[in-house]
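Pasting structure_8.pdb here (PDB, C-alpha atoms, pLDDT in the B column):
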ATOM      1  CA  MET A   1     -53.169  10.790  61.899  1.00 68.00           C
ATOM      2  CA  ASP A   2     -50.624  13.277  60.521  1.00 73.00           C
ATOM      3  CA  PHE A   3     -47.667  14.869  62.313  1.00 74.00           C
ATOM      4  CA  LYS A   4     -49.560  18.078  63.008  1.00 79.00           C
ATOM      5  CA  GLU A   5     -52.328  16.218  64.843  1.00 84.00           C
ATOM      6  CA  ARG A   6     -49.808  14.102  66.757  1.00 84.00           C
ATOM      7  CA  ALA A   7     -47.847  17.207  67.697  1.00 86.00           C
ATOM      8  CA  ASP A   8     -51.016  18.933  68.921  1.00 88.00           C
ATOM      9  CA  ILE A   9     -51.977  15.943  71.068  1.00 90.00           C
ATOM     10  CA  SER A  10     -48.439  15.792  72.450  1.00 90.00           C
ATOM     11  CA  ALA A  11     -48.430  19.521  73.238  1.00 90.00           C
ATOM     12  CA  ARG A  12     -51.692  19.203  75.143  1.00 89.00           C
ATOM     13  CA  ALA A  13     -50.335  16.209  77.070  1.00 92.00           C
ATOM     14  CA  ILE A  14     -47.120  18.075  77.919  1.00 92.00           C
ATOM     15  CA  CYS A  15     -49.052  21.062  79.251  1.00 89.00           C
ATOM     16  CA  GLU A  16     -51.315  18.748  81.248  1.00 90.00           C
ATOM     17  CA  ILE A  17     -48.399  16.843  82.776  1.00 91.00           C
ATOM     18  CA  LEU A  18     -46.671  20.094  83.678  1.00 89.00           C
ATOM     19  CA  GLN A  19     -49.974  21.294  85.104  1.00 90.00           C
ATOM     20  CA  VAL A  20     -49.782  24.587  83.253  1.00 86.00           C
ATOM     21  CA  ASP A  21     -52.658  26.442  81.693  1.00 86.00           C
ATOM     22  CA  VAL A  22     -51.305  28.084  78.560  1.00 88.00           C
ATOM     23  CA  ASN A  23     -52.981  30.182  75.922  1.00 91.00           C
ATOM     24  CA  GLU A  24     -53.593  28.881  72.413  1.00 89.00           C
ATOM     25  CA  ASN A  25     -50.548  30.654  70.983  1.00 91.00           C
ATOM     26  CA  THR A  26     -48.181  29.063  73.516  1.00 90.00           C
ATOM     27  CA  ARG A  27     -49.710  25.624  73.017  1.00 88.00           C
ATOM     28  CA  ARG A  28     -49.293  26.034  69.252  1.00 89.00           C
ATOM     29  CA  GLN A  29     -45.618  26.949  69.772  1.00 91.00           C
ATOM     30  CA  VAL A  30     -45.125  23.814  71.869  1.00 91.00           C
ATOM     31  CA  ALA A  31     -46.829  21.776  69.130  1.00 89.00           C
ATOM     32  CA  GLU A  32     -44.488  23.262  66.521  1.00 88.00           C
ATOM     33  CA  ILE A  33     -41.462  22.276  68.605  1.00 90.00           C
ATOM     34  CA  VAL A  34     -42.810  18.740  68.951  1.00 89.00           C
ATOM     35  CA  GLU A  35     -43.587  18.580  65.223  1.00 85.00           C
ATOM     36  CA  GLY A  36     -40.077  19.785  64.382  1.00 86.00           C
ATOM     37  CA  SER A  37     -38.578  17.143  66.649  1.00 87.00           C
ATOM     38  CA  MET A  38     -40.624  14.411  64.989  1.00 84.00           C
ATOM     39  CA  LEU A  39     -39.584  15.639  61.560  1.00 83.00           C
ATOM     40  CA  ASP A  40     -35.913  15.695  62.584  1.00 86.00           C
ATOM     41  CA  ALA A  41     -36.237  12.132  63.886  1.00 85.00           C
ATOM     42  CA  VAL A  42     -37.756  10.946  60.605  1.00 82.00           C
ATOM     43  CA  LEU A  43     -35.001  12.598  58.580  1.00 83.00           C
ATOM     44  CA  GLU A  44     -32.267  11.187  60.819  1.00 87.00           C
ATOM     45  CA  ASP A  45     -33.793   7.713  60.552  1.00 84.00           C
ATOM     46  CA  GLY A  46     -33.878   8.026  56.771  1.00 83.00           C
ATOM     47  CA  GLU A  47     -30.194   8.884  56.692  1.00 85.00           C
ATOM     48  CA  ARG A  48     -29.421   5.954  58.980  1.00 87.00           C
ATOM     49  CA  TYR A  49     -31.434   3.607  56.739  1.00 85.00           C
ATOM     50  CA  THR A  50     -29.627   4.925  53.683  1.00 84.00           C
ATOM     51  CA  LYS A  51     -26.252   4.168  55.281  1.00 84.00           C
ATOM     52  CA  LEU A  52     -27.428   0.687  56.239  1.00 84.00           C
ATOM     53  CA  VAL A  53     -28.580  -0.020  52.697  1.00 84.00           C
ATOM     54  CA  MET A  54     -25.266   1.152  51.267  1.00 81.00           C
ATOM     55  CA  HIS A  55     -23.394  -1.026  53.743  1.00 82.00           C
ATOM     56  CA  HIS A  56     -25.434  -4.194  53.230  1.00 81.00           C
ATOM     57  CA  CYS A  57     -25.807  -3.871  49.474  1.00 81.00           C
ATOM     58  CA  ALA A  58     -22.184  -2.938  48.833  1.00 78.00           C
ATOM     59  CA  ALA A  59     -21.832  -5.809  46.353  1.00 81.00           C
ATOM     60  CA  ASP A  60     -24.770  -4.538  44.297  1.00 84.00           C
ATOM     61  CA  ARG A  61     -24.299  -0.776  44.074  1.00 81.00           C
ATOM     62  CA  ASP A  62     -27.116  -0.389  41.544  1.00 84.00           C
ATOM     63  CA  LEU A  63     -29.638  -1.968  43.926  1.00 86.00           C
ATOM     64  CA  ALA A  64     -28.307   0.107  46.833  1.00 83.00           C
ATOM     65  CA  TYR A  65     -28.637   3.278  44.781  1.00 84.00           C
ATOM     66  CA  LYS A  66     -32.221   2.458  43.779  1.00 87.00           C
ATOM     67  CA  ILE A  67     -33.226   1.762  47.382  1.00 88.00           C
ATOM     68  CA  THR A  68     -31.585   4.923  48.718  1.00 85.00           C
ATOM     69  CA  GLU A  69     -33.260   6.996  46.011  1.00 87.00           C
ATOM     70  CA  ASP A  70     -36.634   5.531  47.038  1.00 88.00           C
ATOM     71  CA  ILE A  71     -35.900   6.474  50.652  1.00 86.00           C
ATOM     72  CA  ARG A  72     -34.917  10.014  49.663  1.00 85.00           C
ATOM     73  CA  ARG A  73     -38.031  10.456  47.495  1.00 88.00           C
ATOM     74  CA  ALA A  74     -40.241   9.322  50.372  1.00 85.00           C
ATOM     75  CA  GLN A  75     -38.479  11.737  52.727  1.00 82.00           C
ATOM     76  CA  THR A  76     -38.846  14.602  50.276  1.00 84.00           C
ATOM     77  CA  ALA A  77     -42.566  13.895  49.933  1.00 84.00           C
ATOM     78  CA  LEU A  78     -42.931  13.760  53.725  1.00 78.00           C
ATOM     79  CA  VAL A  79     -41.106  17.045  54.252  1.00 77.00           C
ATOM     80  CA  THR A  80     -43.130  18.697  51.492  1.00 79.00           C
ATOM     81  CA  ASN A  81     -46.405  17.494  53.015  1.00 74.00           C
ATOM     82  CA  LEU A  82     -45.424  18.595  56.513  1.00 68.00           C
ATOM     83  CA  THR A  83     -44.276  21.977  55.324  1.00 68.00           C
ATOM     84  CA  SER A  84     -47.539  22.575  53.478  1.00 68.00           C
ATOM     85  CA  MET A  85     -49.497  21.878  56.687  1.00 58.00           C
ATOM     86  CA  ARG A  86     -47.957  24.816  58.528  1.00 55.00           C
TER      87      ARG A  86
END

I need this file expressed as structure tokens, please.
Amino acid sequence: MDFKERADISARAICEILQVDVNENTRRQVAEIVEGSMLDAVLEDGERYTKLVMHHCAADRDLAYKITEDIRRAQTALVTNLTSMR
């Protein structure tokens, strides 16, 4: 399941919990907010992981650099895929 589907499910659940009947446009806006929040969380986690790698691999800077580049490439691919879904 991709972020867009998860965001849509979350938006429907939010509207249901709040007991509001919203039109499709409003529900889509809620889904976009949820999707943006998930994307921000993924990017923040990636930055945190990068810092952890740099800290724990300080003795082997080459290894740390390779790992952080892999993390950044994965994040770039994720952002590209999410952006193309909109």

Worksheet item: What do you get, as a list of chain:residue names, if you spell out every residue that the PyMOL selection byres ((chain A and resi 71) around 12) selects here?
Response: A:Val42, A:Leu43, A:Glu44, A:Asp45, A:Gly46, A:Glu47, A:Arg48, A:Tyr49, A:Thr50, A:Lys51, A:Leu52, A:Val53, A:Met54, A:Ala64, A:Tyr65, A:Lys66, A:Ile67, A:Thr68, A:Glu69, A:Asp70, A:Arg72, A:Arg73, A:Ala74, A:Gln75, A:Thr76, A:Ala77, A:Leu78

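Atom pair atom CA of Glu35 of chain A / atom CA of Ala7 of chain A: separated by 5.1 Å.
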
Discussion item. I'd like the interatomic distance between atom CA of Leu63 of chain A and atom CA of Met38 of chain A, to a tenth of an Å.
Written reply: 28.9 Å

Response to the item:
Expressed in Å, the length from atom CA of Asp8 of chain A to atom CA of Ala41 of chain A is 17.0 Å

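Nearest to Glu32 of chain A of all the residues A:Leu18, A:Arg12, A:Ala59, A:Lys4 is A:Lys4, counting only C-alpha atoms.
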
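Shell of Arg28 of chain A at 9 Å, with only C-alpha atoms counted and residues fewer than 5 places along the chain excluded, is A:Asp8, A:Ala11, A:Asn23, A:Ile33.
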
Edge lengths and centre in Å to one decimal, as lines of an AutoDock Vina configuration file, of the axis-aligned box that encloses all listed atoms of segment 50-56 of chain A with 4 Å added on every side?
center_x = -26.5
center_y = 0.4
center_z = 53.8
size_x = 14.2
size_y = 17.1
size_z = 13.0

Fill in: Residue with smallest distance to Arg27 of chain A - pool A:Ser10, A:Val79, A:Asp62, A:Phe3, counting all atoms listed in the file
A:Ser10
